[in-house]
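Chemist: This one is coords_11.cif, mmCIF, C-alpha atoms.
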```
data_work
loop_
_atom_site.label_atom_id
_atom_site.label_comp_id
_atom_site.auth_asym_id
_atom_site.auth_seq_id
_atom_site.Cartn_x
_atom_site.Cartn_y
_atom_site.Cartn_z
CA MET T 1453 0.00 0.00 0.00
CA SER T 1454 1.04 3.59 -0.60
CA VAL T 1455 2.95 5.58 2.02
CA TYR T 1456 1.86 8.85 0.44
CA SER T 1457 -0.60 11.30 1.97
CA LYS T 1458 -1.69 12.56 -1.44
CA ILE T 1459 -1.31 11.36 -5.01
CA GLU T 1460 -2.12 13.75 -7.85
CA VAL T 1461 -2.23 12.55 -11.43
CA SER T 1462 -2.88 14.59 -14.54
CA ALA T 1463 -3.53 13.23 -18.01
CA PRO T 1464 -3.90 15.17 -21.24
CA GLY T 1465 -6.83 15.07 -23.56
CA SER T 1466 -6.23 13.74 -27.04
CA THR T 1467 -7.31 14.04 -30.63
CA MET T 1468 -7.06 11.82 -33.67
CA LEU T 1469 -4.76 13.03 -36.40
CA MET T 1470 -5.53 10.14 -38.71
CA GLY T 1471 -6.79 6.57 -38.68
CA GLU T 1472 -10.46 7.08 -37.81
CA HIS T 1473 -12.64 4.08 -38.73
CA ALA T 1474 -9.77 2.17 -40.42
CA VAL T 1475 -8.03 1.46 -37.09
CA LEU T 1476 -10.97 -0.81 -36.21
CA PHE T 1477 -10.14 -2.93 -39.28
CA GLY T 1478 -6.47 -3.58 -38.58
CA GLU T 1479 -5.00 -0.38 -40.01
CA PRO T 1480 -2.71 2.01 -38.08
CA ALA T 1481 -3.80 5.27 -36.46
CA LEU T 1482 -2.08 8.53 -35.65
CA ALA T 1483 -3.08 10.55 -32.58
CA CYS T 1484 -1.68 13.15 -30.23
CA ALA T 1485 -2.07 14.37 -26.67
CA VAL T 1486 -3.28 17.94 -26.30
CA ALA T 1487 -2.41 20.58 -23.72
CA ALA T 1488 -5.74 20.45 -21.94
CA ARG T 1489 -5.49 18.24 -18.89
CA LEU T 1490 -7.69 16.35 -16.45
CA THR T 1491 -6.54 15.87 -12.85
CA VAL T 1492 -7.33 13.07 -10.42
CA THR T 1493 -6.37 13.66 -6.78
CA LEU T 1494 -6.31 10.68 -4.40
CA LEU T 1495 -6.40 11.07 -0.62
CA PRO T 1496 -5.99 7.85 1.42
CA ARG T 1497 -8.58 6.95 4.07
CA ALA T 1498 -8.22 4.87 7.23
CA ASP T 1499 -11.40 2.87 6.49
CA ARG T 1500 -12.67 0.92 3.46
CA GLN T 1501 -14.82 3.70 2.04
CA VAL T 1502 -14.50 4.91 -1.56
CA LEU T 1503 -15.63 8.48 -2.19
CA ILE T 1504 -15.56 10.11 -5.64
CA ASP T 1505 -16.20 13.79 -6.31
CA SER T 1506 -16.67 14.60 -10.00
CA ALA T 1507 -18.62 17.00 -12.19
CA LEU T 1508 -20.34 13.89 -13.57
CA GLY T 1509 -21.59 12.82 -10.15
CA GLN T 1510 -20.82 12.01 -6.53
CA TYR T 1511 -20.14 8.46 -5.42
CA SER T 1512 -20.00 6.79 -2.02
CA GLY T 1513 -19.35 3.09 -1.55
CA SER T 1514 -17.06 0.48 -0.10
CA LEU T 1515 -14.11 -1.45 -1.47
CA ASP T 1516 -16.01 -4.58 -0.44
CA THR T 1517 -19.05 -3.78 -2.61
CA LEU T 1518 -18.53 -1.34 -5.47
CA ALA T 1519 -22.01 -0.43 -6.66
CA PRO T 1520 -22.34 0.51 -10.35
CA MET T 1521 -22.84 4.12 -11.44
CA PRO T 1522 -23.03 4.67 -15.23
CA GLU T 1523 -21.67 8.24 -15.09
CA LEU T 1524 -18.47 6.97 -13.46
CA ALA T 1525 -18.30 3.59 -15.20
CA PHE T 1526 -14.70 3.96 -16.44
CA VAL T 1527 -13.43 5.12 -13.04
CA LEU T 1528 -15.15 2.27 -11.20
CA ALA T 1529 -13.92 -0.30 -13.71
CA VAL T 1530 -10.34 0.82 -13.02
CA ILE T 1531 -10.84 0.70 -9.24
CA GLU T 1532 -12.25 -2.82 -9.59
CA ARG T 1533 -8.99 -3.96 -11.18
CA TYR T 1534 -6.90 -2.75 -8.23
CA ARG T 1535 -9.36 -3.55 -5.44
CA ALA T 1536 -7.70 -6.83 -4.38
CA SER T 1537 -4.42 -4.97 -3.75
CA LEU T 1538 -5.99 -2.33 -1.48
CA SER T 1539 -6.43 -2.61 2.29
CA ARG T 1540 -7.77 0.92 2.75
CA GLY T 1541 -10.21 3.14 0.94
CA PHE T 1542 -9.64 6.57 -0.52
CA GLN T 1543 -11.22 9.73 -1.83
CA LEU T 1544 -10.90 10.67 -5.50
CA THR T 1545 -11.46 14.20 -6.76
CA ILE T 1546 -11.70 14.56 -10.53
CA GLN T 1547 -11.24 17.98 -12.13
CA SER T 1548 -11.19 18.53 -15.87
CA GLY T 1549 -9.70 21.44 -17.76
CA PHE T 1550 -11.90 20.70 -20.79
CA SER T 1551 -15.50 19.79 -21.48
CA HIS T 1552 -16.62 16.23 -22.16
CA THR T 1553 -18.94 17.58 -24.87
CA VAL T 1554 -16.08 18.22 -27.34
CA GLY T 1555 -13.88 15.58 -28.89
CA LEU T 1556 -10.80 15.68 -26.68
CA GLY T 1557 -10.96 12.17 -25.28
CA SER T 1558 -12.25 12.99 -21.81
CA SER T 1559 -13.20 9.35 -21.08
CA ALA T 1560 -9.73 8.19 -22.07
CA ALA T 1561 -8.07 10.90 -19.98
CA VAL T 1562 -10.03 10.08 -16.83
CA THR T 1563 -9.37 6.37 -17.34
CA ALA T 1564 -5.64 7.00 -17.81
CA ALA T 1565 -5.37 9.29 -14.78
CA THR T 1566 -7.40 7.01 -12.52
CA THR T 1567 -5.32 4.00 -13.57
CA ALA T 1568 -2.09 5.80 -12.71
CA ALA T 1569 -3.49 6.97 -9.36
CA MET T 1570 -4.65 3.48 -8.40
CA ALA T 1571 -1.38 1.89 -9.53
CA ALA T 1572 0.59 4.35 -7.41
CA TYR T 1573 -1.72 3.89 -4.41
CA SER T 1574 -1.49 0.11 -4.56
CA GLY T 1575 2.28 0.15 -5.02
CA GLN T 1576 2.17 -1.34 -8.51
CA SER T 1577 4.01 -0.37 -11.68
CA THR T 1578 3.22 2.99 -13.27
CA ALA T 1579 5.22 2.25 -16.44
CA PRO T 1580 3.28 3.49 -19.49
CA GLU T 1581 2.95 0.05 -21.06
CA VAL T 1582 1.53 -1.39 -17.83
CA LEU T 1583 -0.89 1.49 -17.33
CA PHE T 1584 -2.07 1.18 -20.92
CA GLU T 1585 -2.77 -2.55 -20.67
CA THR T 1586 -4.79 -2.14 -17.47
CA ALA T 1587 -6.66 0.96 -18.66
CA LEU T 1588 -7.56 -0.63 -22.00
CA ALA T 1589 -8.94 -3.69 -20.21
CA ALA T 1590 -11.14 -1.38 -18.11
CA VAL T 1591 -12.40 0.42 -21.23
CA HIS T 1592 -13.23 -2.88 -22.91
CA GLN T 1593 -15.04 -4.01 -19.77
CA VAL T 1594 -17.28 -0.94 -19.86
CA GLN T 1595 -17.79 -0.96 -23.64
CA ASN T 1596 -18.32 -4.70 -24.14
CA GLY T 1597 -14.97 -5.19 -25.84
CA ARG T 1598 -15.24 -2.15 -28.09
CA GLY T 1599 -12.81 0.76 -28.34
CA SER T 1600 -9.56 0.95 -30.26
CA GLY T 1601 -7.55 2.43 -27.38
CA THR T 1602 -5.94 5.07 -29.61
CA ASP T 1603 -7.00 8.03 -27.45
CA LEU T 1604 -6.00 6.14 -24.31
CA ALA T 1605 -2.51 5.55 -25.66
CA ALA T 1606 -2.13 9.23 -26.55
CA SER T 1607 -3.18 10.31 -23.05
CA ILE T 1608 -0.77 7.93 -21.35
CA TYR T 1609 2.28 8.41 -23.58
CA GLY T 1610 1.83 12.06 -24.63
CA GLY T 1611 3.14 13.71 -27.78
CA VAL T 1612 2.28 12.16 -31.14
CA ILE T 1613 1.88 8.39 -31.36
CA GLY T 1614 1.45 5.79 -34.04
CA TYR T 1615 -0.91 3.04 -32.93
CA ASP T 1616 -2.04 -0.43 -33.94
CA MET T 1617 -5.12 -1.93 -32.34
CA ALA T 1618 -4.58 -5.70 -32.65
CA PRO T 1619 -2.20 -6.55 -31.23
CA ALA T 1620 -2.06 -3.22 -29.42
CA GLY T 1621 1.15 -1.38 -30.17
CA VAL T 1622 2.21 2.20 -29.38
CA ARG T 1623 4.95 4.04 -31.25
CA PRO T 1624 5.93 7.40 -29.70
CA LEU T 1625 6.95 9.83 -32.46
CA PRO T 1626 9.13 12.95 -32.42
CA GLY T 1627 7.91 16.46 -33.18
CA LEU T 1628 4.99 18.62 -32.11
CA PRO T 1629 2.96 19.70 -35.16
CA PRO T 1630 1.01 22.98 -34.94
CA ILE T 1631 -2.71 22.19 -34.74
CA VAL T 1632 -6.02 23.92 -34.07
CA LEU T 1633 -9.47 22.44 -33.55
CA TYR T 1634 -12.88 23.87 -34.37
CA TYR T 1635 -16.10 22.48 -32.94
CA SER T 1636 -19.01 22.17 -35.34
CA GLY T 1637 -21.58 22.79 -32.61
CA TYR T 1638 -23.06 19.28 -32.62
CA LYS T 1639 -21.96 15.66 -32.57
CA MET T 1640 -23.30 12.20 -33.27
CA LYS T 1641 -22.27 9.47 -30.83
CA THR T 1642 -19.42 7.39 -32.20
CA PRO T 1643 -21.29 4.04 -31.93
CA ASP T 1644 -24.13 5.54 -34.00
CA VAL T 1645 -21.70 6.74 -36.68
CA LEU T 1646 -20.02 3.34 -36.77
CA ALA T 1647 -23.40 1.62 -37.13
CA LEU T 1648 -24.29 3.92 -40.03
CA VAL T 1649 -21.01 3.18 -41.81
CA GLU T 1650 -21.47 -0.53 -41.18
CA ARG T 1651 -24.85 -0.47 -42.91
CA LYS T 1652 -23.32 1.29 -45.91
CA ALA T 1653 -20.43 -1.18 -45.99
CA GLU T 1654 -22.83 -4.13 -46.12
CA ARG T 1655 -24.02 -2.90 -49.53
CA HIS T 1656 -20.49 -2.46 -50.93
CA PRO T 1657 -18.19 -4.67 -48.82
CA GLU T 1658 -15.28 -4.88 -51.27
CA LEU T 1659 -15.23 -1.12 -51.84
CA TYR T 1660 -15.22 -0.38 -48.13
CA THR T 1661 -12.45 -2.91 -47.54
CA GLY T 1662 -10.48 -1.06 -50.20
CA LEU T 1663 -11.21 2.29 -48.53
CA TYR T 1664 -9.89 1.04 -45.19
CA HIS T 1665 -6.76 -0.26 -46.90
CA LEU T 1666 -6.16 3.11 -48.57
CA MET T 1667 -6.69 4.82 -45.22
CA GLY T 1668 -4.02 2.56 -43.73
CA GLN T 1669 -1.57 3.36 -46.53
CA THR T 1670 -2.20 7.08 -46.04
CA CYS T 1671 -1.69 6.82 -42.29
CA ARG T 1672 1.60 4.95 -42.68
CA GLN T 1673 2.92 7.69 -44.93
CA ALA T 1674 1.66 10.30 -42.45
CA GLU T 1675 3.53 8.55 -39.64
CA GLN T 1676 6.73 8.81 -41.65
CA ALA T 1677 5.99 12.51 -42.32
CA VAL T 1678 5.75 13.05 -38.55
CA ARG T 1679 9.05 11.21 -38.02
CA ASP T 1680 10.60 13.53 -40.61
CA GLN T 1681 8.74 16.52 -39.14
CA ASP T 1682 7.61 17.28 -42.68
CA TRP T 1683 4.42 19.18 -41.87
CA SER T 1684 3.75 20.04 -45.51
CA ALA T 1685 3.61 16.35 -46.39
CA LEU T 1686 1.48 15.64 -43.32
CA GLY T 1687 -1.00 18.31 -44.43
CA GLU T 1688 -1.27 16.79 -47.90
CA LEU T 1689 -1.91 13.38 -46.41
CA MET T 1690 -4.55 14.81 -44.05
CA ASN T 1691 -6.39 16.15 -47.09
CA ILE T 1692 -6.17 12.77 -48.81
CA TYR T 1693 -7.48 11.02 -45.71
CA GLN T 1694 -10.37 13.47 -45.54
CA GLY T 1695 -11.36 12.45 -49.07
CA LEU T 1696 -11.53 8.86 -47.89
CA MET T 1697 -13.63 9.89 -44.87
CA ASP T 1698 -15.98 11.62 -47.28
CA ALA T 1699 -16.20 8.40 -49.29
CA LEU T 1700 -17.21 6.54 -46.10
CA GLY T 1701 -20.16 8.92 -45.81
CA VAL T 1702 -19.23 10.65 -42.54
CA CYS T 1703 -18.73 14.21 -43.83
CA ASP T 1704 -21.84 16.39 -43.90
CA ALA T 1705 -22.35 19.84 -45.41
CA THR T 1706 -21.28 21.76 -42.30
CA LEU T 1707 -18.05 19.81 -41.88
CA ALA T 1708 -17.28 20.15 -45.60
CA GLN T 1709 -17.74 23.92 -45.39
CA MET T 1710 -15.46 24.12 -42.35
CA ILE T 1711 -12.77 22.03 -44.01
CA HIS T 1712 -12.67 23.97 -47.27
CA ARG T 1713 -12.73 27.34 -45.53
CA LEU T 1714 -9.83 26.33 -43.30
CA ARG T 1715 -7.85 25.03 -46.26
CA ALA T 1716 -8.20 28.45 -47.87
CA GLU T 1717 -6.17 29.97 -45.03
CA PRO T 1718 -2.58 30.73 -46.17
CA GLY T 1719 -1.10 29.27 -42.99
CA VAL T 1720 -3.06 26.00 -43.08
CA GLN T 1721 -1.36 22.97 -44.64
CA GLY T 1722 -4.23 20.51 -44.25
CA ALA T 1723 -7.65 20.08 -42.67
CA LYS T 1724 -9.86 17.09 -41.93
CA ILE T 1725 -12.46 15.70 -39.57
CA SER T 1726 -11.01 14.66 -36.22
CA GLY T 1727 -13.03 11.78 -34.88
CA SER T 1728 -15.69 9.53 -36.31
CA GLY T 1729 -17.49 12.32 -38.20
CA LEU T 1730 -21.03 13.62 -38.72
CA GLY T 1731 -20.30 16.41 -36.27
CA ASP T 1732 -17.79 17.13 -33.52
CA CYS T 1733 -14.45 18.69 -34.56
CA VAL T 1734 -12.40 19.65 -37.59
CA LEU T 1735 -8.63 19.63 -37.24
CA ALA T 1736 -6.40 22.11 -39.06
CA LEU T 1737 -2.64 21.76 -39.36
CA GLY T 1738 -0.87 25.11 -39.23
CA VAL T 1739 -1.89 28.63 -38.24
CA VAL T 1740 -5.35 30.18 -38.72
CA GLU T 1741 -5.21 33.98 -38.77
CA SER T 1742 -8.80 34.78 -39.81
CA ASP T 1743 -11.76 34.79 -37.46
CA MET T 1744 -13.89 31.73 -38.06
CA PRO T 1745 -17.62 31.42 -37.28
CA TRP T 1746 -17.19 28.29 -35.17
CA ASP T 1747 -16.05 27.63 -31.62
CA VAL T 1748 -12.29 27.37 -31.60
CA ILE T 1749 -10.69 24.91 -29.22
CA PRO T 1750 -7.23 26.37 -28.65
CA VAL T 1751 -5.03 23.31 -28.35
CA SER T 1752 -1.41 22.46 -28.85
CA VAL T 1753 0.27 19.07 -28.84
CA ALA T 1754 1.27 18.11 -25.29
CA ALA T 1755 4.76 16.66 -25.08
CA THR T 1756 4.01 14.70 -21.90
CA GLY T 1757 1.34 12.15 -21.09
CA VAL T 1758 0.38 10.98 -17.62
CA GLU T 1759 2.19 12.88 -14.84
CA ILE T 1760 2.19 11.66 -11.22
CA HIS T 1761 2.98 13.84 -8.20
CA TYR T 1762 3.28 12.58 -4.63
CA GLU T 1763 3.03 14.22 -1.21
CA THR T 1764 4.03 12.77 2.17
CA ASN T 1765 3.18 14.00 5.63
#
```
Show the structure stored in the file as structure tokens.
Modeler:
Amino acid sequence: MSVYSKIEVSAPGSTMLMGEHAVLFGEPALACAVAARLTVTLLPRADRQVLIDSALGQYSGSLDTLAPMPELAFVLAVIERYRASLSRGFQLTIQSGFSHTVGLGSSAAVTAATTAAMAAYSGQSTAPEVLFETALAAVHQVQNGRGSGTDLAASIYGGVIGYDMAPAGVRPLPGLPPIVLYYSGYKMKTPDVLALVERKAERHPELYTGLYHLMGQTCRQAEQAVRDQDWSALGELMNIYQGLMDALGVCDATLAQMIHRLRAEPGVQGAKISGSGLGDCVLALGVVESDMPWDVIPVSVAATGVEIHYETN
């Protein structure tokens, strides 16, 4: 058990650079951590009580019987995985520097931060690869085996990462590309978008298989562009990937307008949907000098992933 009087863990949000949809079909993805962080603070208790204070809800229970609470499903799934190693309870306070309504991977960030806090409290390894394995298992528990883990890997490792889903593999990459996100003002839930694409794919299975393969080829070249820190090439590949997203049927009129207006900016090298599509965010690579009529999410790539700080009496 931990000898610390306080454990504070922060984890960055994340965004997809490339690999949406195709990562679920064995192709690589490219993602990055962003400089908007979520913090989990753990205070040990002398009893077996578990108290959680979060904007999503308040929780009170016991290590002996963790009652379910959908709003905190990811947090409780992580605690469940460390419960056997804990002799005392604790209080968790969760504070987020960004809203869960925009696509910055808030669920992944809270899962990553909680996993690191519980690993530290139970005296277990906080190595990134260990945290990732445990956190991904918790996500799959909550989501019935679904979830690529790309955003989770970005939150834990930080910076830009290349990622393969099966078997899970994380490749930290050098360089911090200049990015900016714009929120469309609405979003469709990712499972609903995936279901819509699946129905389309059933009518043209060979074409969709080909699209996913092209997406994978594009993402591999984009990963090399990041390694070379060739942002011009990365921007070109983002535009190509966006064309493939459009072919999947996940780009609507609003997103298309946003993308083409951003591409018209002299300082923008590429623009595409970030996420599953049919709403949420558009990602631009470069600098946007003009005022745009959408909510800007001022982000930069975060060089560090999960950070753990300890206090002793």
Chemist: Hey, which of T:Ser1684, T:Ser1466, T:Thr1670, T:Ser1636 ends up closest to Gly1557 in chain T? Count all atoms listed in the file.
Modeler: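 Among the listed residues, the smallest separation from Gly1557 in chain T belongs to T:Ser1466.
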Chemist: Given the file shown, determine the residues that the PyMOL selection byres ((chain T and resi 1715) around 12) selects; report them as a PDB file with C-alpha atoms, in the coordinates of the input.
Modeler:
```
ATOM      1  CA  GLY T1687      -1.000  18.310 -44.430  1.00  0.00           C
ATOM      2  CA  GLU T1688      -1.270  16.790 -47.900  1.00  0.00           C
ATOM      3  CA  MET T1690      -4.550  14.810 -44.050  1.00  0.00           C
ATOM      4  CA  ASN T1691      -6.390  16.150 -47.090  1.00  0.00           C
ATOM      5  CA  GLN T1694     -10.370  13.470 -45.540  1.00  0.00           C
ATOM      6  CA  ALA T1708     -17.280  20.150 -45.600  1.00  0.00           C
ATOM      7  CA  GLN T1709     -17.740  23.920 -45.390  1.00  0.00           C
ATOM      8  CA  MET T1710     -15.460  24.120 -42.350  1.00  0.00           C
ATOM      9  CA  ILE T1711     -12.770  22.030 -44.010  1.00  0.00           C
ATOM     10  CA  HIS T1712     -12.670  23.970 -47.270  1.00  0.00           C
ATOM     11  CA  ARG T1713     -12.730  27.340 -45.530  1.00  0.00           C
ATOM     12  CA  LEU T1714      -9.830  26.330 -43.300  1.00  0.00           C
ATOM     13  CA  ALA T1716      -8.200  28.450 -47.870  1.00  0.00           C
ATOM     14  CA  GLU T1717      -6.170  29.970 -45.030  1.00  0.00           C
ATOM     15  CA  PRO T1718      -2.580  30.730 -46.170  1.00  0.00           C
ATOM     16  CA  GLY T1719      -1.100  29.270 -42.990  1.00  0.00           C
ATOM     17  CA  VAL T1720      -3.060  26.000 -43.080  1.00  0.00           C
ATOM     18  CA  GLN T1721      -1.360  22.970 -44.640  1.00  0.00           C
ATOM     19  CA  GLY T1722      -4.230  20.510 -44.250  1.00  0.00           C
ATOM     20  CA  ALA T1723      -7.650  20.080 -42.670  1.00  0.00           C
ATOM     21  CA  LYS T1724      -9.860  17.090 -41.930  1.00  0.00           C
ATOM     22  CA  VAL T1734     -12.400  19.650 -37.590  1.00  0.00           C
ATOM     23  CA  LEU T1735      -8.630  19.630 -37.240  1.00  0.00           C
ATOM     24  CA  ALA T1736      -6.400  22.110 -39.060  1.00  0.00           C
ATOM     25  CA  LEU T1737      -2.640  21.760 -39.360  1.00  0.00           C
ATOM     26  CA  GLY T1738      -0.870  25.110 -39.230  1.00  0.00           C
ATOM     27  CA  VAL T1739      -1.890  28.630 -38.240  1.00  0.00           C
ATOM     28  CA  VAL T1740      -5.350  30.180 -38.720  1.00  0.00           C
ATOM     29  CA  GLU T1741      -5.210  33.980 -38.770  1.00  0.00           C
ATOM     30  CA  SER T1742      -8.800  34.780 -39.810  1.00  0.00           C
TER      31      SER T1742
END
```
Chemist: Just how far from CA of Gln1576 in chain T is CA of Gln1543 in chain T, in Å to one decimal?
Modeler: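 The value is 18.6 Å.
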Chemist: List the residues selected by the PyMOL selection byres ((chain T and resi 1696) around 12) in the file shown, writing them as a PyMOL selection string.
Modeler: chain T and resi 1470-1474+1659-1671+1689-1695+1697-1703+1724-1725+1729
Chemist: Compare T:Glu1759, T:Glu1654, T:Asp1743, T:Glu1532 by their minimum atom-to-atom distance to Tyr1609 in chain T, counting only C-alpha atoms, and give me the closest one.
Modeler: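 The shortest atom-to-atom distance to Tyr1609 in chain T comes from T:Glu1759.
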Chemist: Anything within 6 Å of (-9.0, 24.8, -33.8): list those residues as number ranges by chain, counting only C-alpha atoms and sticking to the file's coordinates.
Modeler: T: 1632-1634, 1748-1750
Chemist: Select, from T:Arg1623, T:Arg1540, T:Lys1458, T:Arg1489, the residue with the minimum atom-to-atom distance to Ala1561 in chain T, counting all atoms listed in the file.
Modeler: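 Closest to Ala1561 in chain T of all the choices is T:Arg1489.
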Chemist: If the PyMOL selection byres ((chain T and resi 1524) around 12) were run on this exact file, what residues would it hold? Put them as a PyMOL selection string.
Modeler: chain T and resi 1503-1512+1518-1523+1525-1531+1544+1546+1559+1562-1563+1566+1591+1594
Chemist: Which one of T:Val1751, T:Val1461, T:Leu1588, T:Leu1476 sits closest to Ser1728 in chain T if you count all atoms listed in the file?
Modeler: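 Looking only at the distances to Ser1728 in chain T, the closest residue turns out to be T:Leu1476.
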Chemist: List the neighbours of range 1579-1582 of chain T out to 12 Å using only C-alpha atoms; skip same-chain residues closer than 4 positions along the sequence, and give me the result as a JSON list (two decimals) with C-alpha atoms, in the frame of the given file.
Modeler:
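Written out: around-v2.json:
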```
[["chain", "number", "residue", "atom", "x", "y", "z"],
["T", 1463, "ALA", "CA", -3.53, 13.23, -18.01],
["T", 1564, "ALA", "CA", -5.64, 7.00, -17.81],
["T", 1565, "ALA", "CA", -5.37, 9.29, -14.78],
["T", 1567, "THR", "CA", -5.32, 4.00, -13.57],
["T", 1568, "ALA", "CA", -2.09, 5.80, -12.71],
["T", 1571, "ALA", "CA", -1.38, 1.89, -9.53],
["T", 1572, "ALA", "CA", 0.59, 4.35, -7.41],
["T", 1575, "GLY", "CA", 2.28, 0.15, -5.02],
["T", 1586, "THR", "CA", -4.79, -2.14, -17.47],
["T", 1587, "ALA", "CA", -6.66, 0.96, -18.66],
["T", 1588, "LEU", "CA", -7.56, -0.63, -22.00],
["T", 1589, "ALA", "CA", -8.94, -3.69, -20.21],
["T", 1604, "LEU", "CA", -6.00, 6.14, -24.31],
["T", 1605, "ALA", "CA", -2.51, 5.55, -25.66],
["T", 1606, "ALA", "CA", -2.13, 9.23, -26.55],
["T", 1607, "SER", "CA", -3.18, 10.31, -23.05],
["T", 1608, "ILE", "CA", -0.77, 7.93, -21.35],
["T", 1609, "TYR", "CA", 2.28, 8.41, -23.58],
["T", 1610, "GLY", "CA", 1.83, 12.06, -24.63],
["T", 1620, "ALA", "CA", -2.06, -3.22, -29.42],
["T", 1621, "GLY", "CA", 1.15, -1.38, -30.17],
["T", 1622, "VAL", "CA", 2.21, 2.20, -29.38],
["T", 1623, "ARG", "CA", 4.95, 4.04, -31.25],
["T", 1624, "PRO", "CA", 5.93, 7.40, -29.70],
["T", 1756, "THR", "CA", 4.01, 14.70, -21.90],
["T", 1757, "GLY", "CA", 1.34, 12.15, -21.09],
["T", 1758, "VAL", "CA", 0.38, 10.98, -17.62],
["T", 1759, "GLU", "CA", 2.19, 12.88, -14.84],
["T", 1760, "ILE", "CA", 2.19, 11.66, -11.22]]
```
Chemist: Which is closer to Ala1560 in chain T than all the others in T:Pro1657, T:Pro1464, T:Gly1637, T:Gly1731, using all atoms listed in the file?
Modeler: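 Going through T:Pro1657, T:Pro1464, T:Gly1637, T:Gly1731 one by one, the smallest distance to Ala1560 in chain T is for T:Pro1464.
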Chemist: Output as lines of an AutoDock Vina configuration file the centre and edge lengths (Å, one decimal) of the box along x, y and z of the file that holds every listed atom of range 1740-1759 of chain T after adding 8 Å on each side.
Modeler:
```
center_x = -6.4
center_y = 22.9
center_z = -27.3
size_x = 38.4
size_y = 39.8
size_z = 41.0
```
